[in-house]
Amino acid sequence: MTDAPHIGGCLCGAVRLVAGTPSAHMHACHCSICRRHTGMSQFAMDVSGAVWEGEIETYPSSDFAERAFCPKCGTTLYYRMWESDVHSINPFLLRDRSRLNFDSEIFIDFKPDTYAFAGNRPRRTEAEVLA
Amino acid sequence: MTRTGKCLCGAVTFTAEPFGTSQACHCDMCRTWGGGPYMAVPCETASFEGPVQRYRSSDFAERGFCGTCGTHLFFHMLGGERHGIPIGIFDDQSDLPFKGEIYIDEKPDFYAFEGERKCLTGAEFEARFR
């Protein structure tokens with residue numbers, strides 16, 4: 001591990017996000033895979049040009065995408081569709097969290113009735129997301 | 001009543017004895033670990049089988065995850081049998097009402113859960129359960 005400037009990282013510090021351009025938008029995904037992976041709906045933010053340092057483990061969670069985590073501490077790092085170079089990252093990895101703009105929810109038709117996020121924002125179903 | 005569950009890839013399975021409710025933890029470590037509040041089912045006991053990886057996240061607790069797919073499996077306070085297991089990995093997620101929020105003082109302002117339930121600050125939670 002180096003002391004080079006970085007913009008984010010995992011809980012134990014073994015994986016660092018050293019470069020990338022975060023989107024101005026953040027969403028919550030309620031799909032069944034996200035909820036099984038970490039227990040509930042996941043916040044995510046698209047980052048283009050993401051460069052990571054450290055050992056990363058990936059798991060193919062479908063036939064078109066993978067999920068990445070730190071093998072030392074298990075921190076959820078990102079979701080990525082194989083045909084894309086955009087990494088949809090866990091926004092709480094970022095050191096600067098002053099610009100987290102929670103402005104949409106997706107796969108809302110998969111959300112359990114037990115909880116809901118307060119407030120108004122676009123909430124799209126699976127069909128609307130995949131359209 | 002005993003419940004069962006498994007990780008995303010199926011390599012880790014578990015049986016647990018839930019107390020009967022679920023709760024959300026907003027602490028910075030939980031959110032950094034998983035990308036959101038940690039929605040867990042407090043369990044009196046739990047037994048896991050498979051490639052469980054453990055990370056000592058503080059001087060009093062460890063977190064478990066599947067070494068194959070990275071699914072989060074538990075938060076465990078050392079020295080006891082109790083485990084907080086993510087509600088999303090239970091085979092049957094019914095009848096586990098969302099009754100509490102903890103470390104509410106660490107919750108960012110940009111999200112909140114609808115509805116009212118018992119909320120504890122980090123200090124209140126640690127005074128009661130550590």
# chains A, B, ... in the order shown; residues from 1 in each chain; ligands from 1
$ residues_around --residues "Ala14 in chain A" --least-positions-apart "5" --cutoff "10 Å" --atoms "only C-alpha atoms" --output "list in words"
Met1, Gly9, Glu53, Gly54, Glu55, Ile56, Cys70, Pro71, Lys72 and Cys73 of chain A
$ interface_residues --of "chain B" --to "chain A" --cutoff "10 Å" --atoms "only C-alpha atoms" --output "ChimeraX atom specification"
/B:6-9,22,24,28-41,53-57,62-74,85-90,93-99,108,110-115
$ select_by_dssp --residues "range 39-82 of chain B" --states "strand (DSSP E or B)" --output "number ranges by chain"
B: 39-49, 52-56, 61-66, 72-77
$ atom_distance --atom1 "CA of Ala11 in chain B" --atom2 "CA of Gln23 in chain B"
25.7 Å
$ residues_around --residues "Glu105 in chain A" --least-positions-apart "6" --cutoff "7 Å" --atoms "only C-alpha atoms" --output "tab-separated table (two decimals) with C-alpha atoms, in the first residue's frame"
chain	number	residue	atom	x	y	z
A	27	HIS	CA	-29.39	5.68	-6.66
A	28	ALA	CA	-30.65	2.91	-4.40
A	29	CYS	CA	-31.17	-0.52	-5.96
A	122	PRO	CA	-38.23	8.83	-9.34
A	123	ARG	CA	-38.80	5.18	-8.48
A	124	ARG	CA	-38.48	2.84	-11.45
$ residues_around --residues "Ile104 in chain B" --least-positions-apart "3" --cutoff "10 Å" --atoms "only C-alpha atoms" --output "list in words"
Ala24, Cys25, His26, Cys27, Gly100, Glu101, Lys107, Pro108, Ala112, Cys119, Leu120, Thr121, Gly122 and Phe125 of chain B
$ write_last_selection --atoms "N, CA and C atoms" --output "PDB file, in the first residue's frame"
ATOM      1  N   ALA B  24     -31.956  -1.616  11.692  1.00  0.00           N
ATOM      2  CA  ALA B  24     -30.987  -1.026  10.772  1.00  0.00           C
ATOM      3  C   ALA B  24     -29.890  -0.330  11.555  1.00  0.00           C
ATOM      4  N   CYS B  25     -28.647  -0.559  11.144  1.00  0.00           N
ATOM      5  CA  CYS B  25     -27.520   0.158  11.746  1.00  0.00           C
ATOM      6  C   CYS B  25     -26.986   1.156  10.729  1.00  0.00           C
ATOM      7  N   HIS B  26     -26.896   2.416  11.172  1.00  0.00           N
ATOM      8  CA  HIS B  26     -26.454   3.493  10.286  1.00  0.00           C
ATOM      9  C   HIS B  26     -24.988   3.857  10.501  1.00  0.00           C
ATOM     10  N   CYS B  27     -24.246   3.087  11.291  1.00  0.00           N
ATOM     11  CA  CYS B  27     -22.884   3.522  11.633  1.00  0.00           C
ATOM     12  C   CYS B  27     -22.009   3.585  10.382  1.00  0.00           C
ATOM     13  N   GLY B 100     -36.277  -1.251  14.944  1.00  0.00           N
ATOM     14  CA  GLY B 100     -35.310  -0.348  15.563  1.00  0.00           C
ATOM     15  C   GLY B 100     -34.261   0.170  14.600  1.00  0.00           C
ATOM     16  N   GLU B 101     -33.703   1.344  14.942  1.00  0.00           N
ATOM     17  CA  GLU B 101     -32.578   1.904  14.192  1.00  0.00           C
ATOM     18  C   GLU B 101     -31.511   2.285  15.211  1.00  0.00           C
ATOM     19  N   LYS B 107     -26.184   8.596  10.977  1.00  0.00           N
ATOM     20  CA  LYS B 107     -26.919   8.529   9.701  1.00  0.00           C
ATOM     21  C   LYS B 107     -26.725   9.829   8.909  1.00  0.00           C
ATOM     22  N   PRO B 108     -26.333   9.736   7.632  1.00  0.00           N
ATOM     23  CA  PRO B 108     -26.260  10.951   6.810  1.00  0.00           C
ATOM     24  C   PRO B 108     -27.666  11.524   6.603  1.00  0.00           C
ATOM     25  N   ALA B 112     -33.494   8.647   4.835  1.00  0.00           N
ATOM     26  CA  ALA B 112     -34.155   8.316   6.102  1.00  0.00           C
ATOM     27  C   ALA B 112     -35.203   7.275   5.774  1.00  0.00           C
ATOM     28  N   CYS B 119     -35.233   4.494  18.086  1.00  0.00           N
ATOM     29  CA  CYS B 119     -33.905   4.823  17.569  1.00  0.00           C
ATOM     30  C   CYS B 119     -32.935   5.024  18.727  1.00  0.00           C
ATOM     31  N   LEU B 120     -31.733   4.470  18.598  1.00  0.00           N
ATOM     32  CA  LEU B 120     -30.696   4.649  19.608  1.00  0.00           C
ATOM     33  C   LEU B 120     -29.464   5.283  18.970  1.00  0.00           C
ATOM     34  N   THR B 121     -28.810   6.170  19.715  1.00  0.00           N
ATOM     35  CA  THR B 121     -27.518   6.683  19.253  1.00  0.00           C
ATOM     36  C   THR B 121     -26.471   5.589  19.475  1.00  0.00           C
ATOM     37  N   GLY B 122     -25.284   5.803  18.937  1.00  0.00           N
ATOM     38  CA  GLY B 122     -24.210   4.839  19.150  1.00  0.00           C
ATOM     39  C   GLY B 122     -23.890   4.679  20.627  1.00  0.00           C
ATOM     40  N   PHE B 125     -26.601   2.674  22.352  1.00  0.00           N
ATOM     41  CA  PHE B 125     -26.546   1.264  21.985  1.00  0.00           C
ATOM     42  C   PHE B 125     -25.400   0.561  22.722  1.00  0.00           C
TER      43      PHE B 125
END
$ residues_around --residues "Cys43 in chain B" --least-positions-apart "5" --cutoff "12 Å" --atoms "only C-alpha atoms" --output "compact mmCIF listing (two decimals) with N, CA and C atoms, in the first residue's frame"
# COMPACT_ATOMS: atom_id res chain seq x y z
N MET B 1 -37.91 -19.36 16.57
CA MET B 1 -37.96 -20.53 15.71
C MET B 1 -36.76 -20.53 14.76
N THR B 2 -36.16 -21.67 14.57
CA THR B 2 -34.97 -21.78 13.72
C THR B 2 -35.27 -21.38 12.28
N ARG B 3 -34.37 -20.57 11.74
CA ARG B 3 -34.49 -20.22 10.32
C ARG B 3 -33.18 -20.54 9.62
N THR B 4 -33.27 -20.70 8.30
CA THR B 4 -32.10 -21.04 7.51
C THR B 4 -31.88 -19.97 6.45
N PHE B 14 -26.54 -21.34 6.56
CA PHE B 14 -26.57 -21.15 8.01
C PHE B 14 -27.93 -21.55 8.58
N THR B 15 -27.90 -21.78 9.89
CA THR B 15 -29.13 -21.90 10.67
C THR B 15 -28.99 -20.93 11.83
N ALA B 16 -30.08 -20.29 12.23
CA ALA B 16 -30.02 -19.28 13.28
C ALA B 16 -31.34 -19.24 14.04
N GLU B 17 -31.26 -18.68 15.24
CA GLU B 17 -32.44 -18.51 16.09
C GLU B 17 -32.71 -17.02 16.24
N PRO B 18 -33.52 -16.42 15.38
CA PRO B 18 -33.79 -14.98 15.48
C PRO B 18 -34.63 -14.64 16.72
N PHE B 19 -34.39 -13.43 17.26
CA PHE B 19 -35.24 -12.95 18.35
C PHE B 19 -36.62 -12.58 17.83
N GLY B 20 -36.72 -12.24 16.53
CA GLY B 20 -38.04 -12.00 15.97
C GLY B 20 -38.27 -10.64 15.32
N THR B 21 -37.23 -9.80 15.31
CA THR B 21 -37.38 -8.48 14.67
C THR B 21 -36.16 -8.22 13.78
N SER B 22 -36.20 -7.10 13.07
CA SER B 22 -35.03 -6.64 12.32
C SER B 22 -34.73 -5.20 12.70
N GLN B 23 -33.48 -4.78 12.47
CA GLN B 23 -33.09 -3.42 12.81
C GLN B 23 -32.04 -2.93 11.83
N PHE B 74 -22.61 -11.85 8.66
CA PHE B 74 -22.94 -11.51 10.06
C PHE B 74 -22.08 -10.39 10.61
N PHE B 75 -22.62 -9.78 11.66
CA PHE B 75 -21.88 -8.93 12.58
C PHE B 75 -21.93 -9.67 13.91
N HIS B 76 -20.77 -9.88 14.52
CA HIS B 76 -20.72 -10.71 15.73
C HIS B 76 -19.90 -10.03 16.80
N MET B 77 -20.51 -9.78 17.96
CA MET B 77 -19.77 -9.24 19.09
C MET B 77 -19.00 -10.38 19.73
N GLY B 80 -19.59 -13.75 22.69
CA GLY B 80 -20.98 -14.16 22.86
C GLY B 80 -21.46 -14.97 21.68
N GLU B 81 -22.67 -15.45 21.78
CA GLU B 81 -23.24 -16.27 20.71
C GLU B 81 -24.08 -15.44 19.73
N ARG B 82 -24.45 -14.22 20.14
CA ARG B 82 -25.37 -13.43 19.31
C ARG B 82 -24.72 -12.98 18.00
N HIS B 83 -25.52 -13.02 16.94
CA HIS B 83 -25.08 -12.56 15.63
C HIS B 83 -26.17 -11.67 15.04
N GLY B 84 -25.76 -10.60 14.36
CA GLY B 84 -26.69 -9.80 13.57
C GLY B 84 -26.55 -10.24 12.12
N ILE B 85 -27.58 -10.88 11.59
CA ILE B 85 -27.50 -11.48 10.25
C ILE B 85 -28.35 -10.68 9.28
N PRO B 86 -27.80 -10.32 8.11
CA PRO B 86 -28.56 -9.52 7.14
C PRO B 86 -29.88 -10.18 6.76
N ILE B 87 -30.93 -9.41 6.79
CA ILE B 87 -32.26 -9.99 6.52
C ILE B 87 -32.31 -10.57 5.12
N PHE B 90 -31.84 -14.52 4.52
CA PHE B 90 -32.74 -15.54 5.08
C PHE B 90 -33.62 -16.11 3.97
N LEU B 96 -40.48 -10.57 10.42
CA LEU B 96 -39.31 -10.02 11.10
C LEU B 96 -39.46 -8.50 11.06
$ select_by_dssp --residues "chain B" --states "helix (DSSP H, G or I)" --output "ChimeraX atom specification"
/B:28-34,87-89,104-106,122-129
$ residues_around --residues "Val86 in chain A" --least-positions-apart "3" --cutoff "8 Å" --atoms "only C-alpha atoms" --output "list in words"
Asp46, Val47, Ser48, Gly49, Ala50, Arg80 and Met81 of chain A
$ write_last_selection --atoms "N, CA and C atoms" --output "tab-separated table (two decimals), in the first residue's frame"
chain	number	residue	atom	x	y	z
A	46	ASP	N	-22.33	5.71	-10.21
A	46	ASP	CA	-21.50	5.35	-11.35
A	46	ASP	C	-20.20	6.16	-11.35
A	47	VAL	N	-19.10	5.45	-11.60
A	47	VAL	CA	-17.80	6.10	-11.72
A	47	VAL	C	-17.18	5.67	-13.04
A	48	SER	N	-16.78	6.65	-13.85
A	48	SER	CA	-16.09	6.31	-15.10
A	48	SER	C	-14.59	6.47	-14.88
A	49	GLY	N	-13.84	5.64	-15.57
A	49	GLY	CA	-12.39	5.70	-15.47
A	49	GLY	C	-11.86	5.29	-14.10
A	50	ALA	N	-12.56	4.38	-13.43
A	50	ALA	CA	-12.13	3.96	-12.09
A	50	ALA	C	-10.82	3.19	-12.15
A	80	ARG	N	-20.39	-4.16	-11.91
A	80	ARG	CA	-20.00	-3.74	-13.26
A	80	ARG	C	-20.58	-4.70	-14.29
A	81	MET	N	-21.23	-4.12	-15.32
A	81	MET	CA	-21.65	-4.93	-16.45
A	81	MET	C	-20.43	-5.13	-17.35
$ closest_residue --among "B:Leu78, B:Gly10, B:Asp105, B:Glu116" --to "Gly50 in chain B" --atoms "only C-alpha atoms"
B:Gly10
$ residues_around --residues "His30 in chain A" --least-positions-apart "3" --cutoff "6 Å" --atoms "only C-alpha atoms" --output "list in words"
Ser41, Phe107, Ile108, Phe110 and Lys111 of chain A
$ write_last_selection --atoms "C-alpha atoms" --output "JSON list (two decimals), in the first residue's frame"
[["chain", "number", "residue", "atom", "x", "y", "z"],
["A", 41, "SER", "CA", -31.06, -2.21, -0.81],
["A", 107, "PHE", "CA", -36.14, -2.13, -9.10],
["A", 108, "ILE", "CA", -38.70, -0.62, -6.76],
["A", 110, "PHE", "CA", -38.55, -5.85, -5.69],
["A", 111, "LYS", "CA", -38.45, -3.78, -2.47]]
$ atom_distance --atom1 "CA of Glu49 in chain B" --atom2 "CA of Ser62 in chain A"
23.6 Å
$ decode --residues "range 5-117 of chain B" --atoms "C-alpha atoms" --output "compact mmCIF listing (two decimals), in the first residue's frame"
# COMPACT_ATOMS: atom_id res chain seq x y z
CA GLY B 5 -30.41 -19.08 4.77
CA LYS B 6 -27.56 -18.86 2.30
CA CYS B 7 -25.29 -16.50 0.46
CA LEU B 8 -25.68 -15.41 -3.15
CA CYS B 9 -23.55 -18.24 -4.61
CA GLY B 10 -24.84 -20.86 -2.17
CA ALA B 11 -21.39 -21.83 -0.82
CA VAL B 12 -22.28 -20.66 2.71
CA THR B 13 -25.40 -21.86 4.49
CA PHE B 14 -26.57 -21.15 8.01
CA THR B 15 -29.13 -21.90 10.67
CA ALA B 16 -30.02 -19.28 13.28
CA GLU B 17 -32.44 -18.51 16.09
CA PRO B 18 -33.79 -14.98 15.48
CA PHE B 19 -35.24 -12.95 18.35
CA GLY B 20 -38.04 -12.00 15.97
CA THR B 21 -37.38 -8.48 14.67
CA SER B 22 -35.03 -6.64 12.32
CA GLN B 23 -33.09 -3.42 12.81
CA ALA B 24 -30.99 -1.03 10.77
CA CYS B 25 -27.52 0.16 11.75
CA HIS B 26 -26.45 3.49 10.29
CA CYS B 27 -22.88 3.52 11.63
CA ASP B 28 -20.11 4.61 9.35
CA MET B 29 -18.46 1.19 9.34
CA CYS B 30 -21.64 -0.66 8.36
CA ARG B 31 -22.35 1.77 5.54
CA THR B 32 -18.77 1.62 4.28
CA TRP B 33 -18.84 -2.17 4.45
CA GLY B 34 -22.01 -2.67 2.43
CA GLY B 35 -23.05 0.52 0.67
CA GLY B 36 -26.05 1.22 2.85
CA PRO B 37 -27.40 0.83 6.36
CA TYR B 38 -26.95 -2.70 7.72
CA MET B 39 -30.42 -4.26 7.94
CA ALA B 40 -29.94 -7.14 10.32
CA VAL B 41 -31.90 -9.73 12.21
CA PRO B 42 -30.54 -10.10 15.77
CA CYS B 43 -30.13 -13.82 16.47
CA GLU B 44 -29.60 -15.58 19.78
CA THR B 45 -27.36 -18.18 18.15
CA ALA B 46 -26.13 -18.89 14.62
CA SER B 47 -24.14 -21.61 12.90
CA PHE B 48 -22.48 -21.16 9.50
CA GLU B 49 -21.04 -23.73 7.11
CA GLY B 50 -18.83 -23.06 4.09
CA PRO B 51 -16.02 -20.64 3.15
CA VAL B 52 -16.70 -17.98 5.80
CA GLN B 53 -14.11 -15.18 5.98
CA ARG B 54 -13.90 -13.13 9.17
CA TYR B 55 -12.71 -9.56 9.54
CA ARG B 56 -12.03 -8.05 12.95
CA SER B 57 -13.60 -4.64 12.41
CA SER B 58 -13.11 -3.33 15.94
CA ASP B 59 -11.75 -4.45 19.30
CA PHE B 60 -15.11 -5.95 20.23
CA ALA B 61 -16.60 -7.31 17.01
CA GLU B 62 -16.01 -9.19 13.79
CA ARG B 63 -17.82 -9.28 10.46
CA GLY B 64 -18.24 -12.36 8.30
CA PHE B 65 -18.60 -12.70 4.55
CA CYS B 66 -18.50 -15.44 1.92
CA GLY B 67 -15.00 -15.76 0.48
CA THR B 68 -16.43 -16.84 -2.88
CA CYS B 69 -19.15 -14.27 -3.64
CA GLY B 70 -18.59 -11.61 -0.97
CA THR B 71 -22.10 -11.85 0.50
CA HIS B 72 -22.25 -10.34 3.97
CA LEU B 73 -23.08 -12.99 6.57
CA PHE B 74 -22.94 -11.51 10.06
CA PHE B 75 -21.88 -8.93 12.58
CA HIS B 76 -20.72 -10.71 15.73
CA MET B 77 -19.77 -9.24 19.09
CA LEU B 78 -16.82 -11.28 20.35
CA GLY B 79 -17.32 -13.38 23.43
CA GLY B 80 -20.98 -14.16 22.86
CA GLU B 81 -23.24 -16.27 20.71
CA ARG B 82 -25.37 -13.43 19.31
CA HIS B 83 -25.08 -12.56 15.63
CA GLY B 84 -26.69 -9.80 13.57
CA ILE B 85 -27.50 -11.48 10.25
CA PRO B 86 -28.56 -9.52 7.14
CA ILE B 87 -32.26 -9.99 6.52
CA GLY B 88 -31.60 -10.44 2.80
CA ILE B 89 -29.90 -13.83 3.21
CA PHE B 90 -32.74 -15.54 5.08
CA ASP B 91 -34.76 -18.05 3.08
CA ASP B 92 -37.89 -16.85 4.89
CA GLN B 93 -37.82 -13.07 5.50
CA SER B 94 -41.41 -12.81 6.70
CA ASP B 95 -42.53 -11.84 10.21
CA LEU B 96 -39.31 -10.02 11.10
CA PRO B 97 -40.77 -6.54 11.65
CA PHE B 98 -38.44 -3.55 11.35
CA LYS B 99 -38.47 -2.32 14.95
CA GLY B 100 -35.31 -0.35 15.56
CA GLU B 101 -32.58 1.90 14.19
CA ILE B 102 -29.18 2.19 15.84
CA TYR B 103 -26.27 4.63 15.54
CA ILE B 104 -28.89 7.08 14.35
CA ASP B 105 -26.43 9.90 15.14
CA GLU B 106 -24.16 8.64 12.34
CA LYS B 107 -26.92 8.53 9.70
CA PRO B 108 -26.26 10.95 6.81
CA ASP B 109 -29.04 13.46 6.15
CA PHE B 110 -29.62 12.40 2.56
CA TYR B 111 -31.68 9.34 3.41
CA ALA B 112 -34.16 8.32 6.10
CA PHE B 113 -36.60 5.46 6.54
CA GLU B 114 -40.30 6.17 6.43
CA GLY B 115 -42.19 5.63 9.64
CA GLU B 116 -41.43 5.81 13.32
CA ARG B 117 -39.60 3.24 15.42
